$ cat data01.cif   # mmCIF, C-alpha atoms
data_protein
loop_
_atom_site.label_atom_id
_atom_site.label_comp_id
_atom_site.auth_asym_id
_atom_site.auth_seq_id
_atom_site.Cartn_x
_atom_site.Cartn_y
_atom_site.Cartn_z
CA MET J 126 0.00 0.00 0.00
CA MET J 127 1.44 3.35 -1.00
CA THR J 128 1.59 6.32 1.29
CA GLN J 129 0.04 9.68 0.42
CA GLU J 130 3.51 11.15 0.06
CA GLN J 131 4.42 8.47 -2.49
CA ARG J 132 1.20 9.05 -4.43
CA GLU J 133 1.87 12.78 -4.53
CA LEU J 134 5.43 12.12 -5.63
CA ILE J 135 4.16 10.12 -8.59
CA GLN J 136 1.60 12.76 -9.43
CA ALA J 137 4.27 15.45 -9.32
CA ALA J 138 6.28 13.38 -11.80
CA VAL J 139 3.29 13.29 -14.15
CA ASP J 140 2.94 17.05 -13.80
CA ASP J 141 6.66 17.70 -14.16
CA GLU J 142 6.74 19.40 -10.79
CA LEU J 143 9.56 17.38 -9.24
CA SER J 144 12.60 18.97 -7.69
CA ALA J 145 15.98 17.34 -8.30
CA SER J 146 15.91 15.41 -5.03
CA GLU J 147 12.29 14.38 -5.57
CA ARG J 148 13.18 13.10 -9.02
CA ALA J 149 15.74 10.75 -7.52
CA ASP J 150 13.17 9.56 -4.97
CA PHE J 151 10.65 8.99 -7.75
CA HIS J 152 13.03 6.84 -9.80
CA ALA J 153 13.97 4.82 -6.73
CA LEU J 154 10.31 4.26 -5.92
CA CYS J 155 9.45 3.12 -9.44
CA GLU J 156 12.37 0.73 -9.52
CA SER J 157 11.26 -0.91 -6.29
CA SER J 158 7.45 -0.88 -6.63
CA ALA J 159 5.24 -2.33 -9.36
CA GLU J 160 2.29 -0.55 -7.74
CA ALA J 161 4.08 2.77 -8.15
CA ARG J 162 4.78 2.08 -11.81
CA SER J 163 1.15 1.11 -12.35
CA LEU J 164 -0.12 4.26 -10.69
CA TYR J 165 2.24 6.37 -12.77
CA GLU J 166 0.89 4.79 -15.95
CA GLN J 167 -2.72 5.35 -14.85
CA LEU J 168 -2.14 9.01 -14.13
CA GLN J 169 -0.27 9.39 -17.40
CA ALA J 170 -3.21 7.85 -19.24
CA VAL J 171 -5.62 10.35 -17.73
CA THR J 172 -3.28 13.19 -18.62
CA HIS J 173 -3.00 12.00 -22.21
CA ALA J 174 -6.77 11.65 -22.43
CA LEU J 175 -7.24 15.22 -21.24
CA ASP J 176 -4.56 16.39 -23.65
CA SER J 177 -6.66 14.94 -26.45
CA LEU J 178 -9.22 17.70 -25.89
CA PRO J 179 -8.18 20.47 -28.25
CA PRO J 180 -7.79 24.07 -27.13
CA LEU J 181 -10.76 26.11 -28.26
CA GLU J 182 -10.84 29.45 -29.97
CA PRO J 183 -13.18 31.92 -28.31
CA PRO J 184 -15.97 33.37 -30.45
CA ALA J 185 -14.64 36.00 -32.82
CA ASN J 186 -16.90 38.66 -31.35
CA LEU J 187 -16.01 37.98 -27.71
CA HIS J 188 -13.39 40.71 -27.49
CA ALA J 189 -15.68 43.29 -29.06
CA ALA J 190 -18.61 42.24 -26.89
CA ILE J 191 -16.54 42.65 -23.74
CA MET J 192 -15.11 45.98 -24.83
CA ALA J 193 -18.59 47.28 -25.61
CA LYS J 194 -19.82 46.46 -22.12
CA VAL J 195 -16.88 47.39 -19.95
CA SER J 196 -16.53 50.89 -18.66
CA LEU J 197 -13.45 51.59 -16.63
CA PRO J 198 -14.01 52.95 -13.15
CA LYS J 199 -13.14 56.58 -12.75
CA PRO J 200 -10.47 57.11 -10.15
CA SER J 201 -11.62 59.19 -7.24
CA PRO J 202 -9.71 60.38 -4.21
CA LEU J 203 -12.83 59.79 -2.13
CA LYS J 204 -13.24 56.20 -3.25
CA ALA J 205 -10.53 54.75 -1.07
CA TRP J 206 -12.01 56.50 1.88
CA PHE J 207 -15.47 55.13 1.22
CA GLU J 208 -14.30 51.60 0.65
CA ARG J 209 -12.20 51.66 3.72
CA PHE J 210 -15.11 52.57 5.90
CA SER J 211 -18.18 51.37 4.05
CA GLY J 212 -18.18 48.04 5.88
CA SER J 213 -17.58 49.61 9.25
CA PRO J 214 -20.30 50.20 11.84
CA LEU J 215 -18.69 53.58 12.34
CA VAL J 216 -20.14 54.73 9.08
CA ARG J 217 -23.54 53.37 9.86
CA TYR J 218 -23.65 54.54 13.43
CA GLY J 219 -22.04 57.82 13.95
CA PHE J 220 -18.99 58.30 11.79
CA ALA J 221 -20.98 60.07 9.15
CA ALA J 222 -20.61 63.48 10.70
CA SER J 223 -16.83 63.52 10.75
CA ALA J 224 -16.72 61.88 7.36
CA ALA J 225 -18.90 64.64 6.01
CA VAL J 226 -16.32 67.16 7.10
CA LEU J 227 -13.69 65.24 5.17
CA VAL J 228 -15.68 65.19 1.98
CA THR J 229 -17.39 68.51 2.57
CA VAL J 230 -20.86 67.33 1.80
CA GLY J 231 -22.51 68.54 4.96
CA VAL J 232 -23.49 66.81 8.14
CA TYR J 233 -25.48 63.59 8.26
CA GLN J 234 -26.96 61.69 11.09
CA ALA J 235 -26.62 57.96 11.53
CA GLY J 236 -27.81 56.09 8.50
CA SER J 237 -29.54 52.80 7.93
CA GLU J 238 -27.90 49.45 7.44
CA LEU J 239 -26.15 48.90 4.14
CA ASP J 240 -27.46 46.10 2.01
CA SER J 241 -24.45 43.84 1.81
CA THR J 242 -25.62 42.39 -1.50
CA ALA J 243 -25.99 45.74 -3.23
CA ASP J 244 -23.35 46.96 -5.61
CA PHE J 245 -22.06 50.29 -4.40
CA SER J 246 -18.63 49.63 -5.83
CA SER J 247 -18.34 52.91 -7.67
CA MET J 248 -19.91 55.11 -5.04
CA VAL J 249 -18.15 57.51 -2.77
CA GLY J 250 -19.32 59.66 0.09
CA THR J 251 -21.32 58.83 3.13
CA LEU J 252 -24.64 57.29 3.97
CA GLY J 253 -27.50 58.61 5.96
CA LYS J 254 -31.23 59.08 6.05
CA PRO J 255 -32.50 61.50 3.45
CA GLY J 256 -34.58 63.17 6.13
CA SER J 257 -31.42 64.04 7.97
CA VAL J 258 -30.12 66.02 5.03
CA ALA J 259 -31.05 69.62 5.57
CA ASP J 260 -33.80 70.82 3.28
CA GLY J 261 -32.77 73.32 0.67
CA ALA J 262 -34.52 75.57 -1.79
CA LEU J 263 -36.51 73.65 -4.38
CA LEU J 264 -35.08 74.41 -7.82
CA ASP J 265 -37.02 71.93 -9.92
CA PHE J 266 -38.80 68.64 -9.70
CA HIS J 267 -40.04 65.82 -11.92
CA ARG J 268 -42.95 63.52 -11.16
CA TYR J 269 -43.80 60.34 -13.02
CA SER J 270 -46.50 57.71 -12.95
CA VAL J 271 -46.29 54.93 -15.52
CA ALA J 272 -47.78 51.45 -15.11
CA ASP J 273 -46.85 50.27 -11.61
CA ALA J 274 -44.05 52.82 -11.26
CA SER J 275 -44.46 56.25 -9.73
CA GLY J 276 -42.42 58.76 -7.83
CA GLN J 277 -40.65 62.06 -7.99
CA VAL J 278 -37.19 63.54 -8.10
CA ARG J 279 -36.63 66.92 -6.44
CA LEU J 280 -33.65 69.11 -7.16
CA LEU J 281 -32.69 71.09 -4.07
CA GLN J 282 -30.18 73.86 -3.56
CA GLN J 283 -28.17 73.45 -0.40
CA SER J 284 -25.25 75.40 0.93
CA GLY J 285 -22.72 75.05 -1.84
CA HIS J 286 -24.28 71.88 -3.15
CA LEU J 287 -27.19 70.51 -5.07
CA ALA J 288 -29.20 67.51 -3.94
CA LEU J 289 -31.36 65.15 -5.96
CA GLU J 290 -33.97 63.65 -3.68
CA PHE J 291 -35.51 60.47 -5.10
CA GLU J 292 -38.76 58.87 -4.08
CA MET J 293 -39.52 55.78 -6.15
CA ARG J 294 -42.27 53.22 -5.89
CA SER J 295 -42.83 50.17 -8.09
CA SER J 296 -43.72 46.52 -7.73
CA GLU J 297 -41.24 45.52 -10.43
CA PRO J 298 -37.64 46.74 -10.76
CA VAL J 299 -37.13 50.10 -12.45
CA ALA J 300 -33.72 51.11 -13.76
CA PHE J 301 -32.85 54.77 -13.78
CA SER J 302 -30.08 56.94 -15.03
CA VAL J 303 -29.18 60.54 -14.29
CA ASN J 304 -27.09 62.25 -16.92
CA LEU J 305 -25.15 65.08 -15.41
CA PRO J 306 -24.03 68.00 -17.55
CA GLU J 307 -20.40 67.45 -18.22
CA GLU J 308 -18.07 69.38 -15.93
CA ALA J 309 -20.86 71.59 -14.64
CA LEU J 310 -21.99 69.09 -12.04
CA GLN J 311 -20.23 66.17 -10.44
CA PHE J 312 -21.48 63.38 -8.29
CA GLU J 313 -20.33 63.75 -4.73
CA ALA J 314 -22.17 61.48 -2.32
CA PHE J 315 -25.45 59.81 -1.62
CA ALA J 316 -27.65 59.03 1.31
CA GLN J 317 -30.03 56.11 1.42
CA GLN J 318 -32.92 55.46 3.70
CA ASP J 319 -33.95 52.00 2.62
CA ASP J 320 -31.53 49.25 1.91
CA ALA J 321 -33.17 47.54 -1.03
CA LEU J 322 -31.54 49.41 -3.88
CA ALA J 323 -30.29 46.67 -6.14
CA MET J 324 -27.53 48.77 -7.60
CA LEU J 325 -26.28 52.34 -7.65
CA ARG J 326 -23.15 53.42 -9.38
CA PHE J 327 -21.59 56.36 -11.11
CA GLU J 328 -19.75 56.04 -14.37
CA ASP J 329 -19.01 58.15 -17.42
CA GLY J 330 -20.87 61.14 -16.05
CA ARG J 331 -24.00 59.17 -15.31
CA LEU J 332 -25.56 57.90 -12.15
CA LEU J 333 -27.06 54.45 -12.76
CA GLY J 334 -29.32 52.56 -10.44
CA GLU J 335 -32.14 50.13 -10.04
CA ALA J 336 -34.93 50.26 -7.49
CA GLN J 337 -37.92 48.19 -6.50
CA GLY J 338 -40.52 48.65 -3.81
CA GLU J 339 -40.45 51.98 -2.00
CA GLN J 340 -37.13 53.76 -2.10
CA ARG J 341 -35.97 57.13 -0.83
CA PHE J 342 -32.46 58.33 -1.29
CA VAL J 343 -30.52 61.51 -1.90
CA VAL J 344 -27.68 62.12 -4.30
CA LEU J 345 -25.48 65.10 -3.58
CA LEU J 346 -23.84 66.99 -6.41
CA LYS J 347 -21.12 69.55 -6.36
CA THR J 348 -20.54 72.18 -8.99
CA GLY J 349 -17.58 71.67 -11.25
CA ALA J 350 -15.33 74.19 -12.89
CA SER J 351 -18.06 75.50 -15.15
CA GLU J 352 -20.87 77.67 -13.98
CA VAL J 353 -24.19 75.91 -13.61
CA THR J 354 -26.70 77.52 -15.92
CA THR J 355 -29.99 76.71 -17.55
CA GLU J 356 -27.88 75.26 -20.33
CA SER J 357 -26.82 72.51 -17.93
CA PRO J 358 -29.91 70.32 -17.60
CA ILE J 359 -29.93 67.12 -15.60
CA GLU J 360 -31.58 64.38 -17.64
CA LEU J 361 -33.54 61.63 -15.97
CA ASN J 362 -34.42 58.30 -17.57
CA PHE J 363 -36.57 55.60 -16.04
CA MET J 364 -36.41 52.26 -17.83
CA ARG J 365 -37.54 48.69 -17.64
CA GLN J 366 -36.11 45.89 -19.73
CA GLY J 367 -34.45 48.34 -22.05
CA GLU J 368 -37.59 50.37 -22.71
CA VAL J 369 -37.97 53.93 -21.51
CA LEU J 370 -40.83 54.32 -19.05
CA ASP J 371 -40.38 58.02 -18.50
CA PHE J 372 -38.00 60.86 -19.23
CA GLY J 373 -37.50 64.16 -17.47
CA VAL J 374 -35.21 67.17 -17.29
CA LEU J 375 -34.28 69.16 -14.20
CA THR J 376 -32.77 72.61 -14.50
CA PRO J 377 -30.27 73.50 -11.80
CA THR J 378 -30.93 77.21 -11.51
CA GLN J 379 -33.19 79.28 -9.28
CA PRO J 380 -36.62 79.77 -10.84
CA MET B 272 3.03 31.69 -18.93
CA VAL B 273 1.58 35.12 -18.36
CA ASP B 274 3.96 38.04 -17.86
CA LYS B 275 2.86 39.29 -14.45
CA ASP B 276 4.78 42.56 -14.66
CA ARG B 277 3.06 43.36 -17.94
CA ASP B 278 -0.27 42.64 -16.26
CA GLN B 279 0.53 45.16 -13.56
CA GLU B 280 1.46 47.80 -16.13
CA LEU B 281 -1.77 47.25 -18.03
CA ILE B 282 -3.85 47.37 -14.86
CA ALA B 283 -2.22 50.63 -13.82
CA ASP B 284 -3.05 52.08 -17.24
CA CYS B 285 -6.62 50.77 -17.04
CA LEU B 286 -7.08 52.52 -13.72
CA LYS B 287 -6.08 55.75 -15.46
CA GLY B 288 -8.88 55.15 -17.97
CA ASP B 289 -6.74 53.77 -20.80
CA ARG B 290 -9.05 51.63 -22.95
CA GLN B 291 -6.16 50.41 -25.08
CA ALA B 292 -4.71 48.81 -21.99
CA LEU B 293 -8.11 47.33 -21.28
CA SER B 294 -8.21 45.87 -24.77
CA SER B 295 -4.76 44.34 -24.29
CA LEU B 296 -5.78 42.71 -21.02
CA VAL B 297 -8.86 41.22 -22.67
CA ARG B 298 -6.71 39.88 -25.52
CA ARG B 299 -4.30 38.29 -23.06
CA TYR B 300 -6.97 36.45 -21.16
CA GLU B 301 -10.00 35.89 -23.39
CA ARG B 302 -8.74 32.59 -24.77
CA PRO B 303 -7.76 30.87 -21.49
CA ILE B 304 -10.82 32.22 -19.69
CA TYR B 305 -13.10 30.98 -22.46
CA ASN B 306 -11.39 27.57 -22.44
CA VAL B 307 -11.69 27.21 -18.68
CA SER B 308 -15.35 28.22 -18.82
CA TYR B 309 -16.09 25.86 -21.67
CA ARG B 310 -14.38 22.89 -20.02
CA MET B 311 -16.31 23.59 -16.85
CA LEU B 312 -19.64 23.92 -18.64
CA ARG B 313 -19.42 22.13 -22.01
CA SER B 314 -21.69 24.74 -23.56
CA PRO B 315 -20.32 27.34 -26.00
CA ASP B 316 -23.11 29.79 -25.23
CA GLU B 317 -22.75 29.51 -21.48
CA ALA B 318 -18.97 29.68 -21.74
CA GLU B 319 -19.24 32.90 -23.75
CA ASP B 320 -21.63 34.37 -21.20
CA VAL B 321 -19.37 33.39 -18.33
CA ALA B 322 -16.31 34.81 -20.09
CA GLN B 323 -18.09 38.12 -20.63
CA THR B 324 -19.32 38.24 -17.06
CA THR B 325 -15.85 37.41 -15.78
CA PHE B 326 -14.27 40.35 -17.57
CA LEU B 327 -17.08 42.71 -16.62
CA LYS B 328 -16.77 41.83 -12.96
CA ALA B 329 -13.01 42.02 -13.06
CA PHE B 330 -12.91 45.45 -14.66
CA GLU B 331 -15.81 46.92 -12.72
CA ASN B 332 -13.95 46.01 -9.55
CA LEU B 333 -10.47 46.72 -10.84
CA HIS B 334 -9.97 49.42 -8.23
CA ARG B 335 -10.40 46.72 -5.59
CA TYR B 336 -7.73 44.51 -7.10
CA ASN B 337 -4.84 44.04 -4.72
CA ALA B 338 -1.60 44.37 -6.67
CA GLU B 339 0.14 42.17 -4.11
CA HIS B 340 -1.68 39.26 -5.67
CA LYS B 341 -1.48 38.04 -9.23
CA PHE B 342 -4.09 39.36 -11.65
CA PHE B 343 -4.47 35.97 -13.32
CA SER B 344 -5.29 34.34 -9.97
CA TRP B 345 -8.02 36.90 -9.49
CA ILE B 346 -9.58 36.67 -12.94
CA TYR B 347 -9.39 32.88 -13.06
CA ARG B 348 -11.05 32.74 -9.66
CA ILE B 349 -13.89 34.88 -10.98
CA ALA B 350 -14.20 32.61 -14.03
CA VAL B 351 -14.29 29.41 -11.98
CA ASN B 352 -16.80 30.86 -9.53
CA GLU B 353 -18.99 32.15 -12.34
CA SER B 354 -18.87 28.73 -13.99
CA LEU B 355 -19.85 27.04 -10.74
CA ASN B 356 -22.68 29.55 -10.32
CA GLN B 357 -23.87 28.74 -13.82
CA ILE B 358 -23.81 25.02 -13.01
CA ARG B 359 -25.89 25.69 -9.89
CA ARG B 360 -28.37 27.76 -11.91
CA ARG B 361 -28.54 24.96 -14.44
CA LYS B 362 -29.28 22.42 -11.74
CA HIS B 363 -31.80 24.74 -10.15
CA THR B 364 -33.72 25.17 -13.38
CA GLU B 365 -33.23 21.52 -14.27
CA GLN B 366 -31.71 22.47 -17.57
CA TRP B 367 -29.13 20.09 -18.84
CA VAL B 368 -26.58 20.68 -21.49
CA ASP B 369 -26.17 17.62 -23.62
CA ASP B 370 -24.63 16.80 -26.94
CA GLN B 371 -23.47 20.34 -27.56
CA PRO B 372 -20.43 20.05 -29.79
CA ALA B 373 -17.36 22.03 -28.94
CA PRO B 374 -16.84 25.06 -31.17
CA GLY B 375 -14.22 24.36 -33.80
CA PRO B 376 -12.90 25.50 -37.11
CA GLY B 377 -15.30 23.51 -39.33
CA PRO B 378 -17.96 20.82 -39.36
CA GLN B 379 -15.71 17.94 -40.45
CA SER B 380 -12.84 18.59 -38.10
CA GLN B 381 -15.36 19.39 -35.44
CA LEU B 382 -16.97 16.01 -35.93
CA GLU B 383 -13.62 14.21 -35.79
CA ALA B 384 -12.58 16.06 -32.69
CA HIS B 385 -15.94 15.26 -31.19
CA GLU B 386 -15.48 11.55 -31.85
CA VAL B 387 -12.05 11.52 -30.28
CA SER B 388 -12.75 13.64 -27.27
CA ASP B 389 -16.40 13.06 -26.47
CA ASP B 390 -15.73 10.31 -23.94
CA VAL B 391 -13.12 12.45 -22.23
CA GLN B 392 -15.34 15.51 -22.06
CA GLN B 393 -18.23 13.43 -20.74
CA ALA B 394 -15.98 11.92 -18.09
CA LEU B 395 -14.86 15.41 -17.15
CA GLU B 396 -18.45 16.48 -16.85
CA ALA B 397 -19.33 13.46 -14.72
CA ILE B 398 -16.86 14.14 -11.90
CA SER B 399 -17.64 16.55 -9.07
CA ASP B 400 -17.41 20.31 -9.48
CA ASP B 401 -14.46 20.49 -7.08
CA HIS B 402 -12.60 17.81 -8.99
CA ARG B 403 -13.38 19.39 -12.34
CA SER B 404 -12.13 22.79 -11.16
CA VAL B 405 -8.64 21.51 -10.33
CA ILE B 406 -8.46 19.37 -13.47
CA VAL B 407 -9.46 22.26 -15.70
CA LEU B 408 -7.01 24.69 -14.12
CA ARG B 409 -4.20 22.16 -14.34
CA HIS B 410 -4.79 20.81 -17.82
CA PHE B 411 -6.48 23.61 -19.74
CA ALA B 412 -4.96 26.65 -18.06
CA GLU B 413 -1.65 24.93 -17.26
CA HIS B 414 -1.33 26.29 -13.76
CA SER B 415 1.07 24.94 -11.17
CA TYR B 416 -0.14 23.49 -7.87
CA ARG B 417 0.75 26.73 -6.14
CA GLU B 418 -1.12 28.84 -8.69
CA ILE B 419 -4.19 26.61 -8.48
CA GLY B 420 -4.06 27.07 -4.74
CA GLU B 421 -3.99 30.85 -5.18
CA ILE B 422 -6.88 30.76 -7.63
CA LEU B 423 -9.10 28.45 -5.59
CA GLN B 424 -7.80 29.80 -2.30
CA LEU B 425 -6.77 26.36 -1.13
CA PRO B 426 -3.55 25.17 0.53
CA GLU B 427 -1.16 23.63 -1.97
CA LYS B 428 -1.38 20.33 -0.12
CA THR B 429 -5.15 20.29 -0.63
CA VAL B 430 -4.67 21.02 -4.32
CA LYS B 431 -2.37 18.02 -4.66
CA SER B 432 -4.69 15.63 -2.89
CA ARG B 433 -7.74 16.97 -4.72
CA LEU B 434 -6.02 16.69 -8.07
CA PHE B 435 -5.03 13.12 -7.29
CA SER B 436 -8.62 12.24 -6.34
CA ALA B 437 -9.91 14.00 -9.43
CA ARG B 438 -7.64 12.00 -11.71
CA LYS B 439 -8.62 8.76 -10.07
CA ALA B 440 -12.26 9.72 -10.56
CA MET B 441 -11.56 10.58 -14.20
CA LYS B 442 -9.77 7.25 -14.68
CA ALA B 443 -12.76 5.37 -13.26
CA LYS B 444 -15.18 7.22 -15.56
CA LEU B 445 -12.97 6.63 -18.58
CA ASP B 446 -12.59 2.94 -17.71
CA SER B 447 -16.37 2.59 -17.44
CA LYS B 448 -16.63 3.94 -20.99
CA GLY B 449 -13.95 1.56 -22.23
CA PHE B 450 -11.80 4.51 -23.20
CA GLU B 451 -8.38 3.55 -24.53
CA ARG B 452 -5.61 5.54 -26.08
#
$ encode --input "data01.cif" --output "structure tokens"
Amino acid sequence: MMTQEQRELIQAAVDDELSASERADFHALCESSAEARSLYEQLQAVTHALDSLPPLEPPANLHAAIMAKVSLPKPSPLKAWFERFSGSPLVRYGFAASAAVLVTVGVYQAGSELDSTADFSSMVGTLGKPGSVADGALLDFHRYSVADASGQVRLLQQSGHLALEFEMRSSEPVAFSVNLPEEALQFEAFAQQDDALAMLRFEDGRLLGEAQGEQRFVVLLKTGASEVTTESPIELNFMRQGEVLDFGVLTPTQP
Amino acid sequence: MVDKDRDQELIADCLKGDRQALSSLVRRYERPIYNVSYRMLRSPDEAEDVAQTTFLKAFENLHRYNAEHKFFSWIYRIAVNESLNQIRRRKHTEQWVDDQPAPGPGPQSQLEAHEVSDDVQQALEAISDDHRSVIVLRHFAEHSYREIGEILQLPEKTVKSRLFSARKAMKAKLDSKGFER
């Protein structure tokens, strides 16, 4: 009966993973044991059988299909901070206030639990209840009611920042996107009351998300280098299965 | 073998938003990732889906990639896990992939390859998921024991014993089919 070490020695010979000293041990073993020689031949046979399966060429369009779908994450100095603390109870229960100072998005109170299954991989900022975000002047709003989906998005002016306050209700998932005017506005942070958002991320100047049930959350925006004018509309799209349910535009200037 | 330093250069460029670097990384890995996925699943369509998902997940989370580890370990791990997820979904929905020929250059050579390798592929499919994972990484991605351990997050000793068990299981399946070479 062979030991486990001897079996592994023979397997390593099949896989050409023997050191010089192990190679000598392997040859000595095979010379002295018919069982070892038999096992070596069995393992070799399996290896040859597997080698008979030819390498496959991937579909010709695979590269293009991947390239069409991948968008590279935008580097953000705030991202590391968020990721470092997003799993910490400190964020959920009390760290938000000091964090807000760091990212200059204002002061939040303790937020709700993060949904550990949600994809917030591209988000930065802090979390908190939308109600804890100080109300600001209402600049514009958009309401929608299509099929089972209804809700509103309010654009608020806060001290040095703009806030998009979402209220969404639907029995089936609704995807949404917020196109921000390039350079004029930048995503800064978000606050979430409920924890059932399936996904929320920011990429290529757009905020993308998906919601189901009743959702309330706030997205904070900061002004970029360019002045925010009526020429800098914020476009809203609500979609389901690739079809647009509703479309709206918010104008980030005082009425 | 993959040039790990080149991987790190490309990843650094990707994180700066360089899509050419992204394209190069896809080129470097699309073939082995597709092969691993196909050998795990024996379905060209599912293998293509898994390969796409693998790259999407890898690049969407590229900022989380720890440069202290090898990129190929990370992306292969995603591919294996996605393949195993697909197998679980398949079992859950009671769908079964059968008699799907491997993609090849043409019908005739495809048929010949099918005749030669069908028993082997069926034996591969008949062993456990854990066994198939180590076999596929060893034989179709040509990874060392240590690399397989990094990919599957297993001690090297476990990789060796699992690979041995997997080969014995393969041998038994091949014997039952009267396979000879």
$ interface_residues --input "data01.cif" --of "chain B" --to "chain J" --cutoff "8 Å" --atoms "all atoms listed in the file" --output "NGL selection string"
:B and (285-288 or 290 or 293-294 or 297-298 or 301-302 or 305-306 or 319 or 323 or 326-327 or 330-334 or 373-375 or 384 or 387-388 or 391-392 or 410-411 or 415 or 431-432 or 435 or 438-439 or 441-442 or 452)
$ residues_around --input "data01.cif" --residues "Val278 in chain J" --least-positions-apart "4" --cutoff "7 Å" --atoms "all atoms listed in the file" --output "PyMOL selection string"
chain J and resi 266-268+289-292
$ residues_around --input "data01.cif" --residues "Ser296 in chain J" --least-positions-apart "2" --cutoff "8 Å" --atoms "all atoms listed in the file" --output "JSON, numbers by chain"
{"J": [273, 274, 294, 298, 337, 338]}
$ residues_around --input "data01.cif" --residues "Ile349 in chain B" --least-positions-apart "5" --cutoff "12 Å" --atoms "only C-alpha atoms" --output "ChimeraX atom specification"
/B:304,307-308,321-330,332,342-344,354-356,422-424
$ residues_around --input "data01.cif" --residues "Ser270 in chain J" --least-positions-apart "6" --cutoff "10 Å" --atoms "all atoms listed in the file" --output "PDB file with C-alpha atoms, in the frame of the given file"
ATOM      1  CA  GLY J 276     -42.420  58.760  -7.830  1.00  0.00           C
ATOM      2  CA  GLN J 277     -40.650  62.060  -7.990  1.00  0.00           C
ATOM      3  CA  MET J 293     -39.520  55.780  -6.150  1.00  0.00           C
ATOM      4  CA  ARG J 294     -42.270  53.220  -5.890  1.00  0.00           C
ATOM      5  CA  SER J 295     -42.830  50.170  -8.090  1.00  0.00           C
ATOM      6  CA  LEU J 370     -40.830  54.320 -19.050  1.00  0.00           C
ATOM      7  CA  ASP J 371     -40.380  58.020 -18.500  1.00  0.00           C
TER       8      ASP J 371
END
$ atom_distance --input "data01.cif" --atom1 "CA of His286 in chain J" --atom2 "CA of Arg341 in chain J"
19.0 Å
$ atom_distance --input "data01.cif" --atom1 "CA of Ala397 in chain B" --atom2 "CA of Arg313 in chain B"
11.3 Å
$ resolve_selection --input "data01.cif" --expression "the PyMOL selection byres ((chain J and resi 126) around 9)" --output "list in words"
Met127, Thr128 and Glu160 of chain J
$ atom_distance --input "data01.cif" --atom1 "CA of Ile346 in chain B" --atom2 "CA of Pro315 in chain B"
19.3 Å
$ residues_around --input "data01.cif" --residues "range 151-156 of chain J" --least-positions-apart "4" --cutoff "9 Å" --atoms "only C-alpha atoms" --output "list in words"
Gln131, Leu134, Ile135, Ala138, Leu143, Ser146, Glu147, Glu160, Ala161, Arg162 and Tyr165 of chain J
$ closest_residue --input "data01.cif" --among "B:Met311, B:Leu281, B:Leu408, B:Val430" --to "Ile358 in chain B" --atoms "only C-alpha atoms"
B:Met311
$ closest_residue --input "data01.cif" --among "B:Arg348, B:Arg335, B:Lys341, B:Arg361" --to "Glu317 in chain B" --atoms "only C-alpha atoms"
B:Arg361
$ residues_near_point --input "data01.cif" --point "(-31.5, 73.7, -5.3)" --cutoff "6 Å" --atoms "only C-alpha atoms" --output "VMD selection string"
chain J and resid 262 to 264 280 to 283 287
$ closest_residue --input "data01.cif" --among "J:Ala288, J:Asp265, J:Gly330, J:Val303" --to "Phe342 in chain J" --atoms "only C-alpha atoms"
J:Ala288
$ closest_residue --input "data01.cif" --among "B:Arg433, B:Arg277, B:Arg360, B:Lys448" --to "Val405 in chain B" --atoms "only C-alpha atoms"
B:Arg433
$ build_atoms --input "data01.cif" --residues "range 356-363 of chain B" --atoms "N, CA, C and O atoms" --output "PDB file, keeping the file's coordinate frame"
ATOM      1  N   ASN B 356     -21.344  28.940 -10.484  1.00  0.00           N
ATOM      2  CA  ASN B 356     -22.680  29.550 -10.320  1.00  0.00           C
ATOM      3  C   ASN B 356     -23.606  29.141 -11.452  1.00  0.00           C
ATOM      4  O   ASN B 356     -24.792  28.879 -11.246  1.00  0.00           O
ATOM      5  N   GLN B 357     -23.052  29.117 -12.663  1.00  0.00           N
ATOM      6  CA  GLN B 357     -23.870  28.740 -13.820  1.00  0.00           C
ATOM      7  C   GLN B 357     -24.323  27.279 -13.693  1.00  0.00           C
ATOM      8  O   GLN B 357     -25.464  26.945 -14.028  1.00  0.00           O
ATOM      9  N   ILE B 358     -23.439  26.433 -13.206  1.00  0.00           N
ATOM     10  CA  ILE B 358     -23.810  25.020 -13.010  1.00  0.00           C
ATOM     11  C   ILE B 358     -24.931  24.919 -11.975  1.00  0.00           C
ATOM     12  O   ILE B 358     -25.891  24.152 -12.153  1.00  0.00           O
ATOM     13  N   ARG B 359     -24.825  25.724 -10.917  1.00  0.00           N
ATOM     14  CA  ARG B 359     -25.890  25.690  -9.890  1.00  0.00           C
ATOM     15  C   ARG B 359     -27.210  26.191 -10.468  1.00  0.00           C
ATOM     16  O   ARG B 359     -28.270  25.641 -10.180  1.00  0.00           O
ATOM     17  N   ARG B 360     -27.134  27.258 -11.281  1.00  0.00           N
ATOM     18  CA  ARG B 360     -28.370  27.760 -11.910  1.00  0.00           C
ATOM     19  C   ARG B 360     -28.961  26.696 -12.813  1.00  0.00           C
ATOM     20  O   ARG B 360     -30.180  26.508 -12.863  1.00  0.00           O
ATOM     21  N   ARG B 361     -28.090  26.002 -13.520  1.00  0.00           N
ATOM     22  CA  ARG B 361     -28.540  24.960 -14.440  1.00  0.00           C
ATOM     23  C   ARG B 361     -29.255  23.848 -13.666  1.00  0.00           C
ATOM     24  O   ARG B 361     -30.319  23.388 -14.052  1.00  0.00           O
ATOM     25  N   LYS B 362     -28.657  23.460 -12.556  1.00  0.00           N
ATOM     26  CA  LYS B 362     -29.280  22.420 -11.740  1.00  0.00           C
ATOM     27  C   LYS B 362     -30.595  22.909 -11.158  1.00  0.00           C
ATOM     28  O   LYS B 362     -31.570  22.164 -11.070  1.00  0.00           O
ATOM     29  N   HIS B 363     -30.597  24.183 -10.766  1.00  0.00           N
ATOM     30  CA  HIS B 363     -31.800  24.740 -10.150  1.00  0.00           C
ATOM     31  C   HIS B 363     -32.962  24.757 -11.141  1.00  0.00           C
ATOM     32  O   HIS B 363     -34.099  24.502 -10.775  1.00  0.00           O
TER      33      HIS B 363
END
